[in-house]
Amino acid sequence: MPELPEVESVARSLRRRVLGLRIAEVEAFPPKGKPVRRRLTGWGGGREARSAAAVPLSALAGKTIDKVGRRGKNLILECGGLALLFHLKMTGRFLWSRPGEPRGRHVHLVLRFRNPERELHFEDVRKFGLVRCRPLDGLAACPELRSLGPEPLDVSADVFFLRLKARRGRVKSVLLDQSFLAGVGNIYADEALFAAGIHPLAPAASLSRPRADRLWAAVRDVLSRAIRAGGSSIRDYRDADGELGSFQDEHRVYGREGEPCPNCGGPIRRAVIGGRSGHFCPRCQKR
DNA sequence: AGTTCCCTGAGG
DNA sequence: CCTCAGGGAACT
């Protein structure tokens, strides 16, 4: 569930910890029981993601972390000429630890620092997460990033409208498609559609310019407010400092099936849309 | 464009 | 026990 606001919050908390630190040692414990074409370049992703351009994780030793960034839901540590990419998927998490402290059961990567004597652990209970090292040069064209759409907080209303018009399918599914916009997931798609008064099953291409504008603004508003709140901590999301987000308190439809719509008081409905649960108010959200 | 699968802990 | 959660790849 880490979506754009959660990954952004992780990036910010991580930045305060590791920016400028030199990686002394790298220890990888790739998840077992996976297709065992495991090289030391990372894991996760499709078959094409294991391309020749991947770099061994051990190459990170001795490098200094000079940027902590985000692209969509991907977290990117830039180290010298290398980029260490993470996708947290459902349960990826970072822990700031000390050498000698017992390592958690689901820790798959450890970056060890000497000054200060600390460790960054990446853990992932469900093993869906992705870790990969790439050359920094040409990073935007790497398999993990190249098909991502624009950042929702950067895209203009004009471009948003044009891209929406070019899509077939339901607006909810289009919002979830990372090649349309990078970083929107289930929670924020539902919240943005509610805020814009648009039914999740409305065909994307059918939206008028004014309604598309409202959706564009709602996506920006929901995402930026969620970032300010440190993300949504339903279940177990925490940032790299272990801090919880608070945006779950501002959810108006997500996870509120049967509760009264904050707008009209009618019950919030839940329906499976594109294999994911969608939450909406059938009265306030028009097709 | 919709469905299945991956994976595991939490909750019924 | 069983079911559910869900991002995204790989199916159909």
# chains A, B, ... in the order shown; residues from 1 in each chain; ligands from 1
$ closest_atom_pairs --of "chain C" --to "chain A" --cutoff "8 Å" --atoms "only C-alpha atoms (C1' of nucleotides)" --output "tab-separated table"
residue	atom	partner	partner_atom	distance
C:DG6	C1'	A:Met90	CA	6.6
C:DG7	C1'	A:Lys89	CA	5.5
C:DA9	C1'	A:Gly46	CA	6.0
$ closest_atom_pairs --of "chain A" --to "chain B" --cutoff "10 Å" --atoms "only C-alpha atoms (C1' of nucleotides)" --output "tab-separated table"
residue	atom	partner	partner_atom	distance
A:Lys34	CA	B:DC6	C1'	9.6
A:Thr91	CA	B:DT8	C1'	9.9
A:Val125	CA	B:DT8	C1'	6.7
A:Arg126	CA	B:DC7	C1'	4.7
A:Lys127	CA	B:DC7	C1'	6.4
A:Phe128	CA	B:DC7	C1'	7.1
A:Arg168	CA	B:DA1	C1'	9.2
A:Gly169	CA	B:DA1	C1'	7.5
A:Arg170	CA	B:DA1	C1'	9.8
A:Ser173	CA	B:DA1	C1'	9.9
A:Arg235	CA	B:DA10	C1'	9.2
A:Ile273	CA	B:DG2	C1'	9.5
A:Gly274	CA	B:DG2	C1'	6.6
A:Gly275	CA	B:DT3	C1'	7.6
$ write_last_selection --atoms "all heavy atoms" --output "short mmCIF file (atom, residue, chain, number, x, y, z; two decimals), in the first residue's frame"
data_model
loop_
_atom_site.label_atom_id
_atom_site.label_comp_id
_atom_site.auth_asym_id
_atom_site.auth_seq_id
_atom_site.Cartn_x
_atom_site.Cartn_y
_atom_site.Cartn_z
N LYS A 34 12.15 -18.15 -4.81
CA LYS A 34 11.83 -17.40 -6.02
C LYS A 34 12.56 -18.06 -7.18
O LYS A 34 13.47 -18.85 -6.96
CB LYS A 34 12.32 -15.96 -5.88
CG LYS A 34 11.56 -15.17 -4.83
CD LYS A 34 10.59 -14.26 -5.52
CE LYS A 34 9.70 -13.56 -4.54
NZ LYS A 34 8.50 -13.06 -5.16
N THR A 91 4.54 -4.43 1.48
CA THR A 91 5.05 -4.50 2.85
C THR A 91 6.52 -4.13 2.98
O THR A 91 7.14 -4.43 4.00
CB THR A 91 4.85 -5.93 3.41
OG1 THR A 91 5.37 -6.87 2.47
CG2 THR A 91 3.38 -6.22 3.62
N VAL A 125 8.02 -8.38 4.34
CA VAL A 125 7.36 -9.61 4.79
C VAL A 125 6.85 -10.44 3.62
O VAL A 125 7.04 -11.64 3.57
CB VAL A 125 6.20 -9.27 5.75
CG1 VAL A 125 5.38 -10.51 6.06
CG2 VAL A 125 6.74 -8.67 7.04
N ARG A 126 6.19 -9.80 2.67
CA ARG A 126 5.55 -10.57 1.61
C ARG A 126 6.42 -10.81 0.39
O ARG A 126 5.97 -11.42 -0.57
CB ARG A 126 4.25 -9.90 1.20
CG ARG A 126 3.12 -10.38 2.07
CD ARG A 126 1.82 -9.76 1.65
NE ARG A 126 1.18 -9.18 2.81
CZ ARG A 126 0.05 -8.52 2.76
NH1 ARG A 126 -0.54 -8.32 1.62
NH2 ARG A 126 -0.48 -8.04 3.86
N LYS A 127 7.62 -10.30 0.41
CA LYS A 127 8.59 -10.58 -0.67
C LYS A 127 8.11 -10.13 -2.05
O LYS A 127 8.51 -10.68 -3.06
CB LYS A 127 8.90 -12.10 -0.72
CG LYS A 127 9.41 -12.64 0.60
CD LYS A 127 9.58 -14.15 0.52
CE LYS A 127 10.06 -14.70 1.85
NZ LYS A 127 10.07 -16.17 1.86
N PHE A 128 7.19 -9.17 -2.09
CA PHE A 128 6.77 -8.62 -3.37
C PHE A 128 7.71 -7.52 -3.83
O PHE A 128 7.72 -7.14 -4.99
CB PHE A 128 5.37 -8.00 -3.27
CG PHE A 128 4.25 -8.99 -3.22
CD1 PHE A 128 4.49 -10.34 -3.10
CD2 PHE A 128 2.94 -8.56 -3.29
CE1 PHE A 128 3.46 -11.25 -3.05
CE2 PHE A 128 1.88 -9.46 -3.25
CZ PHE A 128 2.14 -10.81 -3.13
N ARG A 168 -8.88 4.08 -23.09
CA ARG A 168 -10.13 3.36 -22.96
C ARG A 168 -10.15 2.77 -21.57
O ARG A 168 -9.13 2.64 -20.93
CB ARG A 168 -10.20 2.26 -24.02
CG ARG A 168 -10.56 2.83 -25.38
CD ARG A 168 -10.44 1.78 -26.43
NE ARG A 168 -9.12 1.13 -26.32
CZ ARG A 168 -8.65 0.28 -27.21
NH1 ARG A 168 -9.37 -0.03 -28.24
NH2 ARG A 168 -7.44 -0.25 -27.08
N GLY A 169 -11.31 2.41 -21.11
CA GLY A 169 -11.41 1.79 -19.80
C GLY A 169 -11.96 2.74 -18.76
O GLY A 169 -12.17 3.93 -19.02
N ARG A 170 -12.21 2.20 -17.60
CA ARG A 170 -12.82 2.95 -16.53
C ARG A 170 -11.82 3.88 -15.86
O ARG A 170 -10.64 3.54 -15.74
CB ARG A 170 -13.38 1.97 -15.50
CG ARG A 170 -14.43 1.10 -16.11
CD ARG A 170 -14.60 -0.19 -15.36
NE ARG A 170 -15.83 -0.84 -15.87
CZ ARG A 170 -16.15 -2.09 -15.62
NH1 ARG A 170 -15.37 -2.84 -14.88
NH2 ARG A 170 -17.26 -2.58 -16.11
N SER A 173 -9.56 2.42 -13.12
CA SER A 173 -8.46 1.57 -13.60
C SER A 173 -7.37 2.41 -14.25
O SER A 173 -6.18 2.09 -14.13
CB SER A 173 -8.99 0.54 -14.59
OG SER A 173 -10.00 -0.25 -13.98
N ARG A 235 -3.12 -0.53 8.40
CA ARG A 235 -2.21 -1.64 8.66
C ARG A 235 -0.89 -1.12 9.20
O ARG A 235 -0.89 -0.39 10.18
CB ARG A 235 -2.00 -2.50 7.41
CG ARG A 235 -2.69 -3.84 7.52
CD ARG A 235 -2.44 -4.67 6.27
NE ARG A 235 -3.03 -4.06 5.09
CZ ARG A 235 -4.32 -4.05 4.85
NH1 ARG A 235 -5.15 -4.58 5.70
NH2 ARG A 235 -4.80 -3.50 3.76
N ILE A 273 -13.33 -3.51 -8.76
CA ILE A 273 -13.12 -2.87 -10.06
C ILE A 273 -11.70 -3.19 -10.50
O ILE A 273 -10.73 -2.79 -9.84
CB ILE A 273 -13.30 -1.34 -9.96
CG1 ILE A 273 -14.71 -1.02 -9.47
CG2 ILE A 273 -13.01 -0.69 -11.30
CD1 ILE A 273 -14.87 0.41 -9.00
N GLY A 274 -11.59 -3.93 -11.60
CA GLY A 274 -10.27 -4.30 -12.08
C GLY A 274 -9.50 -5.12 -11.06
O GLY A 274 -8.29 -4.95 -10.89
N GLY A 275 -10.21 -5.97 -10.33
CA GLY A 275 -9.55 -6.84 -9.37
C GLY A 275 -9.17 -6.18 -8.06
O GLY A 275 -8.55 -6.80 -7.21
#
$ select_by_dssp --residues "segment 122-277 of chain A" --states "helix (DSSP H, G or I)" --output "PyMOL selection string"
chain A and resi 139-141+157-165+171-176+186-196+204-206+209-228+247-250
$ closest_residue --among "A:Pro150, A:Ala240, A:Trp216, A:Phe194" --to "Pro262 of chain A" --atoms "only C-alpha atoms"
A:Phe194
$ residues_around --residues "segment 99-116 of chain A" --least-positions-apart "2" --cutoff "12 Å" --atoms "only C-alpha atoms (C1' of nucleotides)" --output "number ranges by chain"
A: 17-32, 40-44, 57-65, 77, 84, 86, 91-97, 118-132; B: 8
$ atom_distance --atom1 "atom CA of Ala49 of chain A" --atom2 "atom CA of Ala141 of chain A"
11.6 Å
$ residues_around --residues "Arg270 of chain A" --least-positions-apart "2" --cutoff "10 Å" --atoms "only C-alpha atoms (C1' of nucleotides)" --output "list in words"
Val253, Tyr254, Gly255, Arg256, Glu257, Gly258, Pro267, Ile268, Val272, Ile273, Ser277, Gly278, His279, Phe280, Cys281 and Pro282 of chain A
$ select_by_dssp --residues "segment 12-241 of chain A" --states "strand (DSSP E or B)" --output "PyMOL selection string"
chain A and resi 22-28+42-43+64-71+74-79+82-87+92-97+107-113+118-124+130-135+170+198+203
$ decode --residues "segment 178-200 of chain A" --atoms "N, CA, C and O atoms" --output "compact mmCIF listing (two decimals), in the first residue's frame"
# COMPACT_ATOMS: atom_id res chain seq x y z
N GLN A 178 0.11 2.75 -13.87
CA GLN A 178 1.31 3.56 -13.62
C GLN A 178 1.85 4.20 -14.89
O GLN A 178 2.66 5.12 -14.81
N SER A 179 1.41 3.71 -16.05
CA SER A 179 1.86 4.35 -17.28
C SER A 179 1.00 5.57 -17.62
O SER A 179 1.34 6.36 -18.50
N PHE A 180 -0.11 5.73 -16.90
CA PHE A 180 -0.91 6.94 -17.07
C PHE A 180 -0.39 8.04 -16.15
O PHE A 180 -0.02 9.13 -16.61
N LEU A 181 -0.36 7.75 -14.86
CA LEU A 181 0.28 8.64 -13.88
C LEU A 181 1.10 7.73 -12.98
O LEU A 181 0.67 6.64 -12.65
N ALA A 182 2.25 8.20 -12.53
CA ALA A 182 3.12 7.38 -11.70
C ALA A 182 2.89 7.68 -10.23
O ALA A 182 3.13 8.81 -9.79
N GLY A 183 2.40 6.69 -9.48
CA GLY A 183 2.35 6.86 -8.03
C GLY A 183 0.99 6.76 -7.40
O GLY A 183 0.88 6.63 -6.18
N VAL A 184 -0.09 6.85 -8.21
CA VAL A 184 -1.43 6.75 -7.65
C VAL A 184 -1.78 5.29 -7.42
O VAL A 184 -1.59 4.46 -8.31
N GLY A 185 -2.26 4.96 -6.24
CA GLY A 185 -2.69 3.61 -5.92
C GLY A 185 -4.14 3.60 -5.49
O GLY A 185 -4.86 4.60 -5.67
N ASN A 186 -4.56 2.52 -4.90
CA ASN A 186 -5.98 2.31 -4.62
C ASN A 186 -6.59 3.36 -3.69
O ASN A 186 -7.68 3.86 -3.93
N ILE A 187 -5.88 3.66 -2.62
CA ILE A 187 -6.43 4.61 -1.64
C ILE A 187 -6.67 5.97 -2.29
O ILE A 187 -7.77 6.53 -2.21
N TYR A 188 -5.64 6.49 -2.94
CA TYR A 188 -5.73 7.87 -3.42
C TYR A 188 -6.56 7.98 -4.69
O TYR A 188 -7.14 9.05 -4.94
N ALA A 189 -6.66 6.90 -5.45
CA ALA A 189 -7.59 6.91 -6.58
C ALA A 189 -9.03 7.04 -6.07
O ALA A 189 -9.80 7.88 -6.55
N ASP A 190 -9.38 6.24 -5.07
CA ASP A 190 -10.74 6.32 -4.52
C ASP A 190 -11.01 7.69 -3.91
O ASP A 190 -12.09 8.27 -4.10
N GLU A 191 -10.05 8.21 -3.16
CA GLU A 191 -10.25 9.50 -2.50
C GLU A 191 -10.37 10.64 -3.51
O GLU A 191 -11.19 11.54 -3.35
N ALA A 192 -9.55 10.59 -4.56
CA ALA A 192 -9.58 11.65 -5.57
C ALA A 192 -10.90 11.61 -6.35
O ALA A 192 -11.50 12.65 -6.63
N LEU A 193 -11.35 10.41 -6.70
CA LEU A 193 -12.61 10.29 -7.44
C LEU A 193 -13.78 10.80 -6.60
O LEU A 193 -14.67 11.47 -7.11
N PHE A 194 -13.75 10.49 -5.32
CA PHE A 194 -14.82 11.01 -4.46
C PHE A 194 -14.77 12.53 -4.41
O PHE A 194 -15.81 13.21 -4.57
N ALA A 195 -13.58 13.07 -4.20
CA ALA A 195 -13.44 14.53 -4.10
C ALA A 195 -13.90 15.22 -5.38
O ALA A 195 -14.43 16.33 -5.34
N ALA A 196 -13.71 14.55 -6.51
CA ALA A 196 -14.07 15.15 -7.79
C ALA A 196 -15.52 14.85 -8.16
O ALA A 196 -16.03 15.36 -9.17
N GLY A 197 -16.19 13.99 -7.39
CA GLY A 197 -17.57 13.64 -7.69
C GLY A 197 -17.72 12.78 -8.95
O GLY A 197 -18.73 12.87 -9.65
N ILE A 198 -16.72 11.96 -9.21
CA ILE A 198 -16.73 11.13 -10.42
C ILE A 198 -16.82 9.66 -10.03
O ILE A 198 -16.07 9.17 -9.18
N HIS A 199 -17.73 8.95 -10.68
CA HIS A 199 -17.94 7.53 -10.42
C HIS A 199 -16.74 6.73 -10.93
O HIS A 199 -16.28 6.97 -12.04
N PRO A 200 -16.25 5.77 -10.13
CA PRO A 200 -15.06 5.01 -10.56
C PRO A 200 -15.26 4.24 -11.86
O PRO A 200 -14.29 3.94 -12.56
